[in-house]
Amino acid sequence: ALEVATGKVIGSLHRRHRAEEFKKFLIKLDKEVPTGLEVHLVLDNYATHKTPAIKTWLVERWFAELTNKQIRRGVHKSVQALEQDIRAWVAAWNTDPKPYIWTKTADEILERLASYLNRIPDSED
């Protein structure tokens with residue numbers, strides 16, 4: 001996983017490429033990425049990324065987003081108040097959902113990243 005802003009990489013090596021290993025990598029990402037930072041996953045069409053275990057993890061991450069941005073910030077005096085806040089948050093989310101859209105080609109992104117990394121001292125290490 002590449003942190004585009006700094007060039008830092010979070011890596012994980014596994015001898016097999018199954019959903020089990022990919023989920024371990026996702027969990028590692030979740031632990032190492034600072035709270036409050038958004039993570040955008042770009043996945044290929046490989047079957048590993050389509051298994052029920054991975055789909056479940058991705059949904060769980062969405063619920064973590066809900067928890068961090070709505071539930072923990074709110075004061076809920078009843079279950080009904082909590083439910084109302086969750087419904088309102090989901091409705092607000094869905095009124096203006098924003099899928100990730102690439103605005104540059106892969107080559108343009110890599111060229112820009114290479115230029116950035118060349119300006120950072122010790123980036124070759």
# chains A, B, ... in the order shown; residues from 1 in each chain; ligands from 1
>>> select_by_dssp(residues="segment 30-109 of chain A", states="helix (DSSP H, G or I)", output="PDB file with C-alpha atoms, in the first residue's frame")
ATOM      1  CA  ASP A  30      -6.336  -0.758   9.216  1.00  0.00           C
ATOM      2  CA  LYS A  31      -3.946  -0.916  12.178  1.00  0.00           C
ATOM      3  CA  GLU A  32      -1.114   1.091  10.610  1.00  0.00           C
ATOM      4  CA  ALA A  47     -11.066 -13.580  -7.430  1.00  0.00           C
ATOM      5  CA  THR A  48      -9.301 -13.141  -4.067  1.00  0.00           C
ATOM      6  CA  HIS A  49     -10.881  -9.712  -3.734  1.00  0.00           C
ATOM      7  CA  LYS A  50     -14.407 -10.996  -4.363  1.00  0.00           C
ATOM      8  CA  PRO A  52     -17.383 -13.322   1.044  1.00  0.00           C
ATOM      9  CA  ALA A  53     -14.682 -12.816   3.705  1.00  0.00           C
ATOM     10  CA  ILE A  54     -13.224  -9.801   1.881  1.00  0.00           C
ATOM     11  CA  LYS A  55     -16.618  -8.315   1.030  1.00  0.00           C
ATOM     12  CA  THR A  56     -17.583  -8.659   4.695  1.00  0.00           C
ATOM     13  CA  TRP A  57     -14.378  -6.919   5.802  1.00  0.00           C
ATOM     14  CA  LEU A  58     -15.004  -4.031   3.410  1.00  0.00           C
ATOM     15  CA  VAL A  59     -18.554  -3.625   4.752  1.00  0.00           C
ATOM     16  CA  GLU A  60     -17.195  -3.725   8.291  1.00  0.00           C
ATOM     17  CA  ARG A  61     -14.827  -0.876   7.350  1.00  0.00           C
ATOM     18  CA  TRP A  62     -17.847   1.128   6.217  1.00  0.00           C
ATOM     19  CA  PHE A  63     -19.404   0.556   9.622  1.00  0.00           C
ATOM     20  CA  ALA A  64     -16.165   1.689  11.240  1.00  0.00           C
ATOM     21  CA  GLU A  65     -16.476   4.895   9.201  1.00  0.00           C
ATOM     22  CA  LEU A  66     -20.034   5.330  10.457  1.00  0.00           C
ATOM     23  CA  THR A  67     -18.852   4.763  14.014  1.00  0.00           C
ATOM     24  CA  ASN A  68     -15.973   7.235  13.780  1.00  0.00           C
ATOM     25  CA  LYS A  69     -17.851   9.993  11.978  1.00  0.00           C
ATOM     26  CA  GLN A  70     -21.289   9.759  13.542  1.00  0.00           C
ATOM     27  CA  ILE A  71     -21.826   7.470  16.499  1.00  0.00           C
ATOM     28  CA  VAL A  79     -31.844   3.644  21.125  1.00  0.00           C
ATOM     29  CA  GLN A  80     -34.375   5.512  19.004  1.00  0.00           C
ATOM     30  CA  ALA A  81     -32.152   8.629  18.983  1.00  0.00           C
ATOM     31  CA  LEU A  82     -29.166   6.510  17.918  1.00  0.00           C
ATOM     32  CA  GLU A  83     -31.208   4.872  15.161  1.00  0.00           C
ATOM     33  CA  GLN A  84     -32.425   8.265  13.962  1.00  0.00           C
ATOM     34  CA  ASP A  85     -28.855   9.619  13.797  1.00  0.00           C
ATOM     35  CA  ILE A  86     -27.672   6.551  11.880  1.00  0.00           C
ATOM     36  CA  ARG A  87     -30.541   6.860   9.392  1.00  0.00           C
ATOM     37  CA  ALA A  88     -29.786  10.563   8.931  1.00  0.00           C
ATOM     38  CA  TRP A  89     -26.072   9.871   8.371  1.00  0.00           C
ATOM     39  CA  VAL A  90     -26.798   7.142   5.813  1.00  0.00           C
ATOM     40  CA  ALA A  91     -29.290   9.404   4.032  1.00  0.00           C
ATOM     41  CA  ALA A  92     -26.760  12.250   3.951  1.00  0.00           C
ATOM     42  CA  TRP A  93     -24.073   9.854   2.691  1.00  0.00           C
ATOM     43  CA  ASN A  94     -26.355   8.668  -0.109  1.00  0.00           C
ATOM     44  CA  THR A  95     -27.531  12.126  -1.180  1.00  0.00           C
ATOM     45  CA  ALA A 106      -1.332   5.667 -14.309  1.00  0.00           C
ATOM     46  CA  ASP A 107       1.715   7.030 -16.147  1.00  0.00           C
ATOM     47  CA  GLU A 108       0.890  10.609 -15.111  1.00  0.00           C
ATOM     48  CA  ILE A 109       0.491   9.541 -11.492  1.00  0.00           C
TER      49      ILE A 109
END
>>> residues_around(residues="segment 2-6 of chain A", least_positions_apart="5", cutoff="9 Å", atoms="only C-alpha atoms", output="NGL selection string")
:A and (11 or 113 or 116-117)
>>> write_last_selection(atoms="N, CA, C and O atoms", output="CSV table (one decimal), in the first residue's frame")
chain,number,residue,atom,x,y,z
A,11,GLY,N,3.8,-2.8,3.6
A,11,GLY,CA,4.0,-4.1,2.9
A,11,GLY,C,3.6,-5.3,3.7
A,11,GLY,O,3.7,-5.3,4.9
A,113,LEU,N,4.7,11.1,-8.9
A,113,LEU,CA,5.2,10.5,-7.7
A,113,LEU,C,6.7,10.4,-7.8
A,113,LEU,O,7.4,10.8,-6.8
A,116,TYR,N,8.2,13.8,-7.2
A,116,TYR,CA,8.1,14.1,-5.8
A,116,TYR,C,9.2,13.4,-5.0
A,116,TYR,O,9.9,14.0,-4.1
A,117,LEU,N,9.3,12.1,-5.2
A,117,LEU,CA,10.3,11.3,-4.4
A,117,LEU,C,11.7,11.8,-4.7
A,117,LEU,O,12.6,11.7,-3.8
>>> atom_distance(atom1="atom CA of Lys23 of chain A", atom2="atom CA of Asn45 of chain A")
15.9 Å
>>> residues_around(residues="Leu29 of chain A", least_positions_apart="5", cutoff="10 Å", atoms="only C-alpha atoms", output="ChimeraX atom specification")
/A:1,10-12,23-24,34,39
>>> write_last_selection(atoms="C-alpha atoms", output="short mmCIF file (atom, residue, chain, number, x, y, z; two decimals), in the first residue's frame")
data_model
loop_
_atom_site.label_atom_id
_atom_site.label_comp_id
_atom_site.auth_asym_id
_atom_site.auth_seq_id
_atom_site.Cartn_x
_atom_site.Cartn_y
_atom_site.Cartn_z
CA ALA A 1 0.00 0.00 0.00
CA ILE A 10 2.97 -0.60 4.06
CA GLY A 11 3.95 -4.06 2.88
CA SER A 12 2.97 -7.59 3.64
CA LYS A 23 -7.61 -10.07 4.65
CA LYS A 24 -4.51 -10.15 6.87
CA PRO A 34 -3.54 6.79 11.31
CA VAL A 39 -7.89 4.85 2.59
#
>>> atom_distance(atom1="atom CA of Tyr46 of chain A", atom2="atom CA of Val33 of chain A")
24.1 Å
